[in-house]
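Dumped query-v4.pdb below, it's PDB, C-alpha atoms and all ligand atoms:
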ATOM      1  CA  MET Y 232      20.482  42.473 -32.109
ATOM      2  CA  ALA Y 233      17.293  41.369 -30.415
ATOM      3  CA  SER Y 234      15.663  43.152 -27.583
ATOM      4  CA  ILE Y 235      13.528  42.032 -24.728
ATOM      5  CA  SER Y 236      11.110  44.218 -22.779
ATOM      6  CA  GLY Y 237      12.135  47.024 -25.078
ATOM      7  CA  ASN Y 238      15.098  48.139 -22.949
ATOM      8  CA  ALA Y 239      17.804  45.515 -23.146
ATOM      9  CA  SER Y 240      19.770  43.711 -25.805
ATOM     10  CA  ILE Y 241      20.948  40.120 -26.013
ATOM     11  CA  SER Y 242      24.556  40.877 -26.971
ATOM     12  CA  GLY Y 243      27.384  41.931 -24.638
ATOM     13  CA  ASN Y 244      26.929  42.909 -21.011
ATOM     14  CA  GLU Y 245      23.925  45.126 -21.556
ATOM     15  CA  PHE Y 246      21.549  42.407 -20.559
ATOM     16  CA  PRO Y 247      21.700  41.742 -16.825
ATOM     17  CA  ASP Y 248      17.976  41.000 -16.677
ATOM     18  CA  LEU Y 249      18.172  38.101 -19.095
ATOM     19  CA  ARG Y 250      21.286  36.687 -17.418
ATOM     20  CA  ASP Y 251      19.568  36.920 -14.030
ATOM     21  CA  LEU Y 252      16.506  35.234 -15.452
ATOM     22  CA  LEU Y 253      18.557  32.403 -16.981
ATOM     23  CA  ALA Y 254      20.513  31.983 -13.723
ATOM     24  CA  PHE Y 255      17.220  31.796 -11.862
ATOM     25  CA  TYR Y 256      15.893  29.174 -14.283
ATOM     26  CA  ALA Y 257      19.091  27.091 -13.976
ATOM     27  CA  ALA Y 258      18.981  27.266 -10.169
ATOM     28  CA  ALA Y 259      15.340  26.207 -10.239
ATOM     29  CA  GLY Y 260      16.211  23.192 -12.406
ATOM     30  CA  VAL Y 261      14.561  24.591 -15.534
ATOM     31  CA  ASP Y 262      17.230  23.496 -17.991
ATOM     32  CA  ASP Y 263      15.280  22.211 -20.937
ATOM     33  CA  ALA Y 264      12.620  23.403 -23.358
ATOM     34  CA  LEU Y 265       9.414  21.391 -23.293
ATOM     35  CA  VAL Y 266       8.317  22.275 -26.819
ATOM     36  CA  ASP Y 267      10.272  23.472 -29.835
ATOM     37  CA  ASP Y 268       8.323  26.693 -30.439
ATOM     38  CA  PRO Y 269       7.937  29.399 -27.814
ATOM     39  CA  ILE Y 270       4.448  29.911 -26.431
ATOM     40  CA  ASP Y 271       3.256  33.462 -25.851
ATOM     41  CA  ARG Y 272       1.354  33.113 -22.565
ATOM     42  CA  PHE Y 273       0.389  36.820 -22.655
ATOM     43  CA  ALA Y 274      -1.375  36.293 -25.986
ATOM     44  CA  GLU Y 275      -3.071  33.187 -24.606
ATOM     45  CA  SER Y 276      -4.386  35.039 -21.604
ATOM     46  CA  ALA Y 277      -5.508  37.974 -23.789
ATOM     47  CA  GLN Y 278      -7.425  35.517 -25.941
ATOM     48  CA  ARG Y 279      -9.046  33.937 -22.895
ATOM     49  CA  GLN Y 280     -10.173  37.370 -21.734
ATOM     50  CA  ALA Y 281     -11.534  38.138 -25.200
ATOM     51  CA  ALA Y 282     -13.349  34.797 -25.507
ATOM     52  CA  PRO Y 283     -16.555  35.828 -23.659
ATOM     53  CA  ALA Y 284     -16.808  38.894 -25.875
ATOM     54  CA  GLN Y 285     -16.354  36.793 -29.016
ATOM     55  CA  GLN Y 286     -18.941  34.284 -27.790
ATOM     56  CA  ALA Y 287     -21.318  37.096 -26.975
ATOM     57  CA  ALA Y 288     -20.773  38.622 -30.420
ATOM     58  CA  SER Y 289     -21.406  35.340 -32.189
ATOM     59  CA  ALA Y 290     -24.542  34.900 -30.059
ATOM     60  CA  GLY Y 291     -25.708  38.318 -31.256
ATOM     61  CA  GLU Y 292     -25.010  40.091 -27.920
ATOM     62  CA  ALA Y 293     -23.093  43.322 -27.443
ATOM     63  CA  PRO Y 294     -19.561  42.799 -26.112
ATOM     64  CA  ARG Y 295     -19.068  43.295 -22.353
ATOM     65  CA  ALA Y 296     -17.867  46.793 -21.457
ATOM     66  CA  GLY Y 297     -14.063  46.911 -21.521
ATOM     67  CA  ALA Y 298     -13.664  43.730 -23.602
ATOM     68  CA  ASP Y 299     -10.725  44.100 -26.018
ATOM     69  CA  ARG Y 300     -11.869  43.434 -29.587
ATOM     70  CA  SER Y 301      -8.337  43.762 -30.899
ATOM     71  CA  ALA Y 302      -6.728  41.113 -28.660
ATOM     72  CA  PRO Y 303      -4.077  39.214 -30.628
ATOM     73  CA  ALA Y 304      -4.955  35.671 -31.635
ATOM     74  CA  ALA Y 305      -3.220  33.085 -29.485
ATOM     75  CA  PRO Y 306      -0.775  30.755 -31.214
ATOM     76  CA  PRO Y 307      -2.006  27.191 -31.548
ATOM     77  CA  ARG Y 308      -1.545  25.235 -28.341
ATOM     78  CA  PRO Y 309       0.743  22.192 -28.508
ATOM     79  CA  ALA Y 310      -1.286  19.039 -29.069
ATOM     80  CA  ALA Y 311      -2.307  17.448 -25.778
ATOM     81  CA  VAL Y 312      -0.293  14.263 -26.088
ATOM     82  CA  ALA Y 313      -0.505  13.248 -22.485
ATOM     83  CA  ALA Y 314      -3.410  11.635 -20.750
ATOM     84  CA  VAL Y 315      -4.296  12.874 -17.281
ATOM     85  CA  PRO Y 316      -2.652  10.536 -14.809
ATOM     86  CA  ASP Y 317      -5.248   8.725 -12.779
ATOM     87  CA  GLU Y 318      -6.248   5.346 -11.439
ATOM     88  CA  VAL Y 319      -7.483   4.298 -14.900
ATOM     89  CA  GLN Y 320      -3.975   4.697 -16.274
ATOM     90  CA  ALA Y 321      -2.454   2.839 -13.326
ATOM     91  CA  ALA Y 322      -4.930  -0.011 -13.913
ATOM     92  CA  ALA Y 323      -4.059  -0.056 -17.627
ATOM     93  CA  ALA Y 324      -0.343  -0.163 -16.739
ATOM     94  CA  ARG Y 325      -0.945  -3.082 -14.357
ATOM     95  CA  GLU Y 326      -2.861  -5.002 -16.986
ATOM     96  CA  LEU Y 327      -0.295  -4.334 -19.728
ATOM     97  CA  ALA Y 328       2.724  -5.072 -17.535
ATOM     98  CA  SER Y 329       1.292  -8.389 -16.404
ATOM     99  CA  LYS Y 330       1.086  -9.510 -20.050
ATOM    100  CA  ALA Y 331       4.836  -9.140 -20.696
ATOM    101  CA  THR Y 332       6.581 -12.507 -20.785
ATOM    102  CA  SER Y 333      10.102 -11.152 -21.392
ATOM    103  CA  LEU Y 334      12.042  -7.951 -20.767
ATOM    104  CA  ASP Y 335      11.985  -7.182 -24.503
ATOM    105  CA  GLU Y 336       8.211  -7.521 -24.559
ATOM    106  CA  LEU Y 337       7.913  -5.322 -21.482
ATOM    107  CA  LYS Y 338      10.054  -2.657 -23.135
ATOM    108  CA  GLN Y 339       7.855  -2.726 -26.241
ATOM    109  CA  ILE Y 340       4.695  -2.501 -24.149
ATOM    110  CA  MET Y 341       6.072   0.472 -22.241
ATOM    111  CA  GLU Y 342       7.096   2.195 -25.462
ATOM    112  CA  GLY Y 343       3.509   1.933 -26.666
ATOM    113  CA  PHE Y 344       2.003   3.135 -23.378
ATOM    114  CA  ASP Y 345       0.713   6.725 -23.429
ATOM    115  CA  GLY Y 346      -0.834   6.849 -19.958
ATOM    116  CA  CYS Y 347       1.998   8.662 -18.196
ATOM    117  CA  ASN Y 348       2.242  12.375 -18.933
ATOM    118  CA  LEU Y 349       6.021  12.314 -18.427
ATOM    119  CA  LYS Y 350       6.352  10.548 -21.762
ATOM    120  CA  ALA Y 351       5.107  13.692 -23.535
ATOM    121  CA  THR Y 352       8.035  15.796 -22.377
ATOM    122  CA  ALA Y 353      10.817  13.193 -22.309
ATOM    123  CA  LYS Y 354      13.069  12.735 -25.331
ATOM    124  CA  SER Y 355      13.502   9.017 -24.777
ATOM    125  CA  MET Y 356      12.345   6.127 -22.662
ATOM    126  CA  VAL Y 357      15.091   4.961 -20.338
ATOM    127  CA  PHE Y 358      14.464   1.263 -19.852
ATOM    128  CA  ALA Y 359      17.657  -0.321 -18.529
ATOM    129  CA  ASP Y 360      21.374  -0.818 -18.918
ATOM    130  CA  GLY Y 361      23.752  -3.583 -17.994
ATOM    131  CA  ASN Y 362      23.229  -7.305 -17.981
ATOM    132  CA  PRO Y 363      19.638  -8.538 -17.526
ATOM    133  CA  GLU Y 364      21.070 -11.949 -16.543
ATOM    134  CA  ALA Y 365      23.036 -10.450 -13.648
ATOM    135  CA  ASP Y 366      22.304 -11.523 -10.065
ATOM    136  CA  LEU Y 367      22.426  -7.887  -8.928
ATOM    137  CA  MET Y 368      19.821  -5.328  -9.997
ATOM    138  CA  LEU Y 369      20.011  -1.636  -9.047
ATOM    139  CA  VAL Y 370      16.946   0.603  -9.203
ATOM    140  CA  GLY Y 371      17.131   4.408  -9.180
ATOM    141  CA  GLU Y 372      14.359   6.982  -9.235
ATOM    142  CA  ALA Y 373      14.042   8.569 -12.671
ATOM    143  CA  PRO Y 374      16.308   9.599 -15.543
ATOM    144  CA  GLY Y 375      17.949  13.011 -15.550
ATOM    145  CA  ARG Y 376      18.980  15.133 -18.507
ATOM    146  CA  ASP Y 377      21.954  13.015 -19.618
ATOM    147  CA  GLU Y 378      19.988   9.795 -19.300
ATOM    148  CA  ASP Y 379      17.106  11.291 -21.288
ATOM    149  CA  LEU Y 380      19.495  12.306 -24.066
ATOM    150  CA  GLU Y 381      21.247   8.922 -24.207
ATOM    151  CA  GLY Y 382      18.283   6.687 -23.385
ATOM    152  CA  LEU Y 383      20.301   4.855 -20.712
ATOM    153  CA  PRO Y 384      20.129   5.034 -16.912
ATOM    154  CA  PHE Y 385      22.881   6.524 -14.784
ATOM    155  CA  VAL Y 386      25.152   7.913 -17.478
ATOM    156  CA  GLY Y 387      25.593  11.415 -16.002
ATOM    157  CA  ARG Y 388      27.756  12.434 -13.054
ATOM    158  CA  SER Y 389      25.834  10.282 -10.588
ATOM    159  CA  GLY Y 390      26.182   7.348 -12.988
ATOM    160  CA  GLN Y 391      29.942   7.822 -13.092
ATOM    161  CA  LEU Y 392      30.018   7.687  -9.307
ATOM    162  CA  LEU Y 393      27.836   4.573  -9.404
ATOM    163  CA  ASP Y 394      30.317   2.947 -11.793
ATOM    164  CA  ARG Y 395      33.157   3.715  -9.356
ATOM    165  CA  ILE Y 396      31.166   2.262  -6.455
ATOM    166  CA  LEU Y 397      30.450  -0.918  -8.441
ATOM    167  CA  ALA Y 398      34.118  -1.171  -9.429
ATOM    168  CA  ALA Y 399      35.086  -0.904  -5.761
ATOM    169  CA  ILE Y 400      33.238  -4.171  -5.081
ATOM    170  CA  GLY Y 401      34.559  -5.800  -8.246
ATOM    171  CA  LEU Y 402      31.459  -5.271 -10.411
ATOM    172  CA  ASP Y 403      30.575  -3.297 -13.528
ATOM    173  CA  ARG Y 404      27.689  -2.917 -15.972
ATOM    174  CA  LYS Y 405      28.304  -6.426 -17.295
ATOM    175  CA  SER Y 406      27.705  -7.877 -13.855
ATOM    176  CA  ALA Y 407      24.766  -5.695 -12.832
ATOM    177  CA  TYR Y 408      21.399  -4.716 -14.316
ATOM    178  CA  ILE Y 409      20.331  -1.082 -13.836
ATOM    179  CA  ALA Y 410      16.850   0.454 -14.132
ATOM    180  CA  ASN Y 411      14.674   3.183 -12.655
ATOM    181  CA  VAL Y 412      11.240   3.333 -11.052
ATOM    182  CA  ILE Y 413      10.221   5.941 -13.661
ATOM    183  CA  PRO Y 414      11.466   5.445 -17.234
ATOM    184  CA  TRP Y 415      10.727   8.991 -18.491
ATOM    185  CA  ARG Y 416      12.581  12.101 -17.329
ATOM    186  CA  PRO Y 417      10.379  14.438 -15.263
ATOM    187  CA  PRO Y 418      10.673  17.956 -16.761
ATOM    188  CA  GLY Y 419      13.439  19.973 -15.101
ATOM    189  CA  ASN Y 420      14.252  16.877 -12.990
ATOM    190  CA  ARG Y 421      11.336  17.611 -10.711
ATOM    191  CA  THR Y 422      10.241  14.920  -8.263
ATOM    192  CA  PRO Y 423       7.765  12.537  -9.896
ATOM    193  CA  THR Y 424       4.266  12.928  -8.473
ATOM    194  CA  PRO Y 425       2.700  10.050  -6.497
ATOM    195  CA  HIS Y 426       0.321   9.508  -9.455
ATOM    196  CA  GLU Y 427       3.186   9.219 -11.929
ATOM    197  CA  THR Y 428       4.951   6.798  -9.607
ATOM    198  CA  GLU Y 429       1.810   4.665  -9.218
ATOM    199  CA  ILE Y 430       1.358   4.553 -12.989
ATOM    200  CA  CYS Y 431       4.959   3.408 -13.523
ATOM    201  CA  ARG Y 432       5.067   1.031 -10.539
ATOM    202  CA  PRO Y 433       3.633  -2.031 -12.389
ATOM    203  CA  PHE Y 434       6.307  -1.674 -15.067
ATOM    204  CA  VAL Y 435       9.292  -1.634 -12.708
ATOM    205  CA  GLU Y 436       7.760  -4.400 -10.600
ATOM    206  CA  ARG Y 437       7.315  -6.548 -13.729
ATOM    207  CA  GLN Y 438      10.849  -5.650 -14.825
ATOM    208  CA  ILE Y 439      12.168  -6.986 -11.507
ATOM    209  CA  ALA Y 440       9.995 -10.116 -11.736
ATOM    210  CA  LEU Y 441      11.249 -10.839 -15.259
ATOM    211  CA  ALA Y 442      14.925 -10.044 -14.550
ATOM    212  CA  LYS Y 443      14.801 -12.273 -11.440
ATOM    213  CA  PRO Y 444      17.807 -10.739  -9.662
ATOM    214  CA  LYS Y 445      19.064 -12.518  -6.534
ATOM    215  CA  VAL Y 446      19.807  -9.169  -4.882
ATOM    216  CA  LEU Y 447      18.226  -5.738  -5.323
ATOM    217  CA  VAL Y 448      19.833  -2.410  -4.430
ATOM    218  CA  THR Y 449      17.581   0.637  -4.319
ATOM    219  CA  LEU Y 450      19.316   3.957  -4.939
ATOM    220  CA  GLY Y 451      17.711   6.789  -2.969
ATOM    221  CA  GLY Y 452      14.548   7.148  -0.926
ATOM    222  CA  PRO Y 453      11.786   6.951  -3.562
ATOM    223  CA  SER Y 454      12.808   3.565  -4.995
ATOM    224  CA  ALA Y 455      13.452   2.151  -1.502
ATOM    225  CA  LYS Y 456      10.043   3.254  -0.256
ATOM    226  CA  LEU Y 457       8.281   1.911  -3.322
ATOM    227  CA  LEU Y 458      10.006  -1.458  -3.558
ATOM    228  CA  VAL Y 459      10.148  -2.349   0.140
ATOM    229  CA  GLY Y 460       6.812  -0.712   0.955
ATOM    230  CA  SER Y 461       7.944   1.652   3.691
ATOM    231  CA  GLN Y 462       7.324   5.271   4.587
ATOM    232  CA  ASP Y 463      10.633   5.606   6.451
ATOM    233  CA  GLY Y 464      13.269   8.018   5.162
ATOM    234  CA  ILE Y 465      16.322   6.665   3.363
ATOM    235  CA  LEU Y 466      18.710   7.450   6.239
ATOM    236  CA  ARG Y 467      16.629   5.144   8.414
ATOM    237  CA  LEU Y 468      16.043   2.504   5.720
ATOM    238  CA  ARG Y 469      19.590   2.211   4.381
ATOM    239  CA  GLY Y 470      22.130  -0.244   5.633
ATOM    240  CA  SER Y 471      19.935  -3.175   6.614
ATOM    241  CA  TRP Y 472      18.393  -5.886   4.494
ATOM    242  CA  LYS Y 473      14.754  -5.545   3.529
ATOM    243  CA  SER Y 474      12.629  -7.605   1.129
ATOM    244  CA  HIS Y 475      10.796  -7.094  -2.115
ATOM    245  CA  VAL Y 476       8.077  -9.627  -2.880
ATOM    246  CA  THR Y 477       7.223 -10.131  -6.557
ATOM    247  CA  ALA Y 478       3.709 -10.843  -7.841
ATOM    248  CA  ASP Y 479       4.462 -14.595  -7.897
ATOM    249  CA  GLY Y 480       5.637 -14.498  -4.269
ATOM    250  CA  THR Y 481       9.398 -14.590  -4.838
ATOM    251  CA  VAL Y 482      11.183 -12.812  -2.010
ATOM    252  CA  ILE Y 483      14.245 -10.804  -3.087
ATOM    253  CA  PRO Y 484      16.646  -9.300  -0.514
ATOM    254  CA  VAL Y 485      16.907  -5.520  -0.909
ATOM    255  CA  MET Y 486      19.685  -3.242   0.300
ATOM    256  CA  PRO Y 487      18.424   0.350   0.314
ATOM    257  CA  THR Y 488      21.287   2.788  -0.049
ATOM    258  CA  LEU Y 489      21.900   6.462  -0.697
ATOM    259  CA  HIS Y 490      21.477   7.863  -4.188
ATOM    260  CA  PRO Y 491      24.780   8.688  -5.944
ATOM    261  CA  ALA Y 492      23.498  12.218  -6.678
ATOM    262  CA  TYR Y 493      22.988  12.679  -2.919
ATOM    263  CA  LEU Y 494      26.528  11.382  -2.323
ATOM    264  CA  LEU Y 495      27.889  13.959  -4.774
ATOM    265  CA  ARG Y 496      26.222  16.671  -2.714
ATOM    266  CA  ASN Y 497      27.083  15.078   0.641
ATOM    267  CA  PRO Y 498      30.475  13.393   0.204
ATOM    268  CA  ALA Y 499      30.761  12.824   3.969
ATOM    269  CA  HIS Y 500      28.013  10.197   3.576
ATOM    270  CA  LYS Y 501      29.968   8.136   1.039
ATOM    271  CA  LYS Y 502      31.215   6.015   3.905
ATOM    272  CA  LEU Y 503      27.620   4.957   4.612
ATOM    273  CA  ALA Y 504      27.102   3.878   1.002
ATOM    274  CA  TRP Y 505      30.442   2.063   1.124
ATOM    275  CA  ARG Y 506      29.222   0.036   4.123
ATOM    276  CA  ASP Y 507      25.999  -0.786   2.251
ATOM    277  CA  PHE Y 508      27.875  -2.000  -0.813
ATOM    278  CA  LEU Y 509      30.179  -4.140   1.335
ATOM    279  CA  GLU Y 510      26.993  -5.819   2.624
ATOM    280  CA  VAL Y 511      25.882  -6.312  -0.981
ATOM    281  CA  LYS Y 512      29.222  -7.868  -1.872
ATOM    282  CA  ALA Y 513      29.005 -10.217   1.114
ATOM    283  CA  LYS Y 514      25.466 -11.236   0.145
ATOM    284  CA  LEU Y 515      26.474 -11.924  -3.467
ATOM    285  CA  ARG Y 516      29.374 -14.060  -2.138
ATOM    286  CA  GLU Y 517      27.058 -15.921   0.199
ATOM    287  CA  LEU Y 518      24.730 -16.660  -2.750
ATOM    288  CA  GLY Y 519      27.643 -17.865  -4.915
ATOM    289  CA  SER Y 520      27.193 -15.007  -7.411
ATOM    290  CA  ILE Y 521      30.772 -13.740  -7.117
TER     291      ILE Y 521
HETATM  292  N1  LIG A 601      19.156   9.390 -11.158
HETATM  293  C1  LIG A 601      18.365   8.297 -11.189
HETATM  294  O1  LIG A 601      17.675   8.004 -10.217
HETATM  295  N2  LIG A 601      18.364   7.560 -12.294
HETATM  296  C2  LIG A 601      19.128   7.819 -13.348
HETATM  297  O2  LIG A 601      19.072   7.069 -14.324
HETATM  298  C3  LIG A 601      19.954   8.954 -13.295
HETATM  299  C4  LIG A 601      19.948   9.727 -12.193
END
Give the structure from this file in structure tokens form.
Amino acid sequence: MASISGNASISGNEFPDLRDLLAFYAAAGVDDALVDDPIDRFAESAQRQAAPAQQAASAGEAPRAGADRSAPAAPPRPAAVAAVPDEVQAAAARELASKATSLDELKQIMEGFDGCNLKATAKSMVFADGNPEADLMLVGEAPGRDEDLEGLPFVGRSGQLLDRILAAIGLDRKSAYIANVIPWRPPGNRTPTPHETEICRPFVERQIALAKPKVLVTLGGPSAKLLVGSQDGILRLRGSWKSHVTADGTVIPVMPTLHPAYLLRNPAHKKLAWRDFLEVKAKLRELGSI
């Protein structure tokens, strides 16, 4: 039997504090450990407080009054794998992405890229699923927990809904290509920062340019805003055709629509997504794709 805070035990019902804490974590989206070994933040902070005293002692000075000589040593910090996201990393991503001459090459380049800090906490890189030859490409925001575990986009509950939506217009993962703006899961499914998005942007843009879809569908606000270059919200953007222009000037029609995860939370809005996908079906017909 283990105890926490000296007054509760992990077994049975004697542990309301821990259950409350876990419930709080789950509600806040903290559903995954970032490193394998626990980090004692109290020991870290005790060591930081002791550091001036240790420095003073090694410099031959008396320790500051009140400094704790017996502070426990902090455990080793996890290696800093991630680089700080900044414009240098975005420039490196642009340069690397532009060199890829095929989707396989792009995937390899991205796997070797360490400039996005999300890579340090993700279990896998989620590149794409479906048929890269398809005329329809769908782009979501970023992988969630299930996608991170499987290494494929849209395999969780929202992916199952996406499959049903595709089936409703006669398509499936053999007739569509699916990717995300961000290929690494943000910890706890938090929203990617603007820096992270800017660093990953060249990769998804190159992925689109190499896949050469005839029609793009963006799933949710972030991918719509990024790929059509708009600040409007998704409820304003959805439902009408926009354009994405690739680096070589190819103009691809884009239908921004609601994210399947949003539809799971707001089923009344499924009818809006249905209208959007009927537009997509009509466009694919018009282009001779179906
Ligand atoms: N949400 C996304 O935007 N992408 C996924 O792959 C899964 C969930």
Set out as CSV a contact list for chain Y and ligand LIG 601 (chain A) with a cut-off of 10 Å, giving each residue of chain Y that qualifies its closest atom pair and distance in Å to one decimal, counting all atoms listed in the file, ordered by chain and rising residue number.
residue,atom,partner,partner_atom,distance
Y:Val357,CA,A:LIG601,O2,7.5
Y:Phe358,CA,A:LIG601,O2,9.2
Y:Ala359,CA,A:LIG601,O2,8.6
Y:Asp360,CA,A:LIG601,O2,9.4
Y:Leu369,CA,A:LIG601,N2,9.9
Y:Val370,CA,A:LIG601,O1,7.5
Y:Gly371,CA,A:LIG601,O1,3.8
Y:Glu372,CA,A:LIG601,O1,3.6
Y:Ala373,CA,A:LIG601,O1,4.4
Y:Pro374,CA,A:LIG601,O2,3.9
Y:Gly375,CA,A:LIG601,C3,5.1
Y:Arg376,CA,A:LIG601,C3,8.1
Y:Asp377,CA,A:LIG601,C3,7.8
Y:Glu378,CA,A:LIG601,O2,5.7
Y:Asp379,CA,A:LIG601,O2,8.4
Y:Gly382,CA,A:LIG601,O2,9.1
Y:Leu383,CA,A:LIG601,O2,6.9
Y:Pro384,CA,A:LIG601,O2,3.5
Y:Phe385,CA,A:LIG601,O2,3.9
Y:Val386,CA,A:LIG601,C3,6.8
Y:Gly387,CA,A:LIG601,C3,6.7
Y:Arg388,CA,A:LIG601,C4,8.3
Y:Ser389,CA,A:LIG601,C4,6.1
Y:Gly390,CA,A:LIG601,C3,6.4
Y:Leu393,CA,A:LIG601,C3,9.8
Y:Ile409,CA,A:LIG601,O2,8.3
Y:Ala410,CA,A:LIG601,O2,7.0
Y:Asn411,CA,A:LIG601,N2,5.7
Y:Val412,CA,A:LIG601,O1,8.0
Y:Ile413,CA,A:LIG601,N2,8.4
Y:Pro414,CA,A:LIG601,O2,8.3
Y:Trp415,CA,A:LIG601,O2,9.5
Y:Arg416,CA,A:LIG601,O2,8.7
Y:Asn420,CA,A:LIG601,N1,9.1
Y:Thr449,CA,A:LIG601,O1,9.4
Y:Leu450,CA,A:LIG601,O1,6.9
Y:Gly451,CA,A:LIG601,O1,7.3
Y:Gly452,CA,A:LIG601,O1,9.8
Y:Pro453,CA,A:LIG601,O1,8.9
Y:Ser454,CA,A:LIG601,O1,8.4
Y:His490,CA,A:LIG601,O1,7.1
Y:Pro491,CA,A:LIG601,N1,7.7
Y:Ala492,CA,A:LIG601,N1,6.8
Y:Tyr493,CA,A:LIG601,N1,9.7
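Using all atoms listed in the file, the nearest neighbour of Y:Lys501 within the list Y:Pro433, Y:Lys443, Y:Ile396, Y:Ala407 is Y:Ile396.
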query = atom CA of Y:Val459 and atom CA of Y:Ser329, how far apart in Å?
reply = 19.7 Å
task = Could you tell me which of Y:Thr424, Y:Ser406, Y:Thr481, Y:Gln462 comes closest to Y:Gly361 if we count all atoms listed in the file?
result =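 The closest residue to Y:Gly361 is Y:Ser406.
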task = Run through the PyMOL selection byres (((chain Y and resi 366) around 10) and not hetatm) on the given coordinates and return the selected residues as a count of residues only.
result = 20
key: Selection under test: the PyMOL selection byres (((chain Y and resi 473) around 9) and not hetatm); residues as a PyMOL selection string   = chain Y and resi 459+468+471-472+474-475+483-487
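Coordinates place atom CA of Y:Ala455 at a distance of 24.3 Å from atom CA of Y:Ser355.
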key: Y:Pro418, Y:Gly470, Y:Gly460, Y:Gly480 ranked by distance to Y:Lys502, top pick (using all atoms listed in the file)   = Y:Gly470
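Distances from Y:Gln391, Y:Ser333, Y:Ser461, Y:Gln278 to Y:Arg437 were compared using all atoms listed in the file, and the smallest one belongs to Y:Ser333.
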key: Atomic separation - atom CA of Y:Thr332 relative to atom CA of Y:Asp479, Å   = 13.2 Å
Return as JSON the centre and edge lengths, in Å with one decimal, of the box along x, y and z that encloses every atom of stretch 503-510 of chain Y in the file, padded by 6 Å per side.
{"center_x": 28.2, "center_y": -0.4, "center_z": 1.9, "size_x": 16.4, "size_y": 22.8, "size_z": 17.4}
key: Selection under test: the PyMOL selection byres (((chain Y and resi 327) around 12) and not hetatm); residues as a count of residues only   = 29
ask   = Using only C-alpha atoms, which of the listed residues (Y:Arg250, Y:Leu489, Y:Leu457, Y:Arg395) sits closest to Y:Val476?
value = Y:Leu457
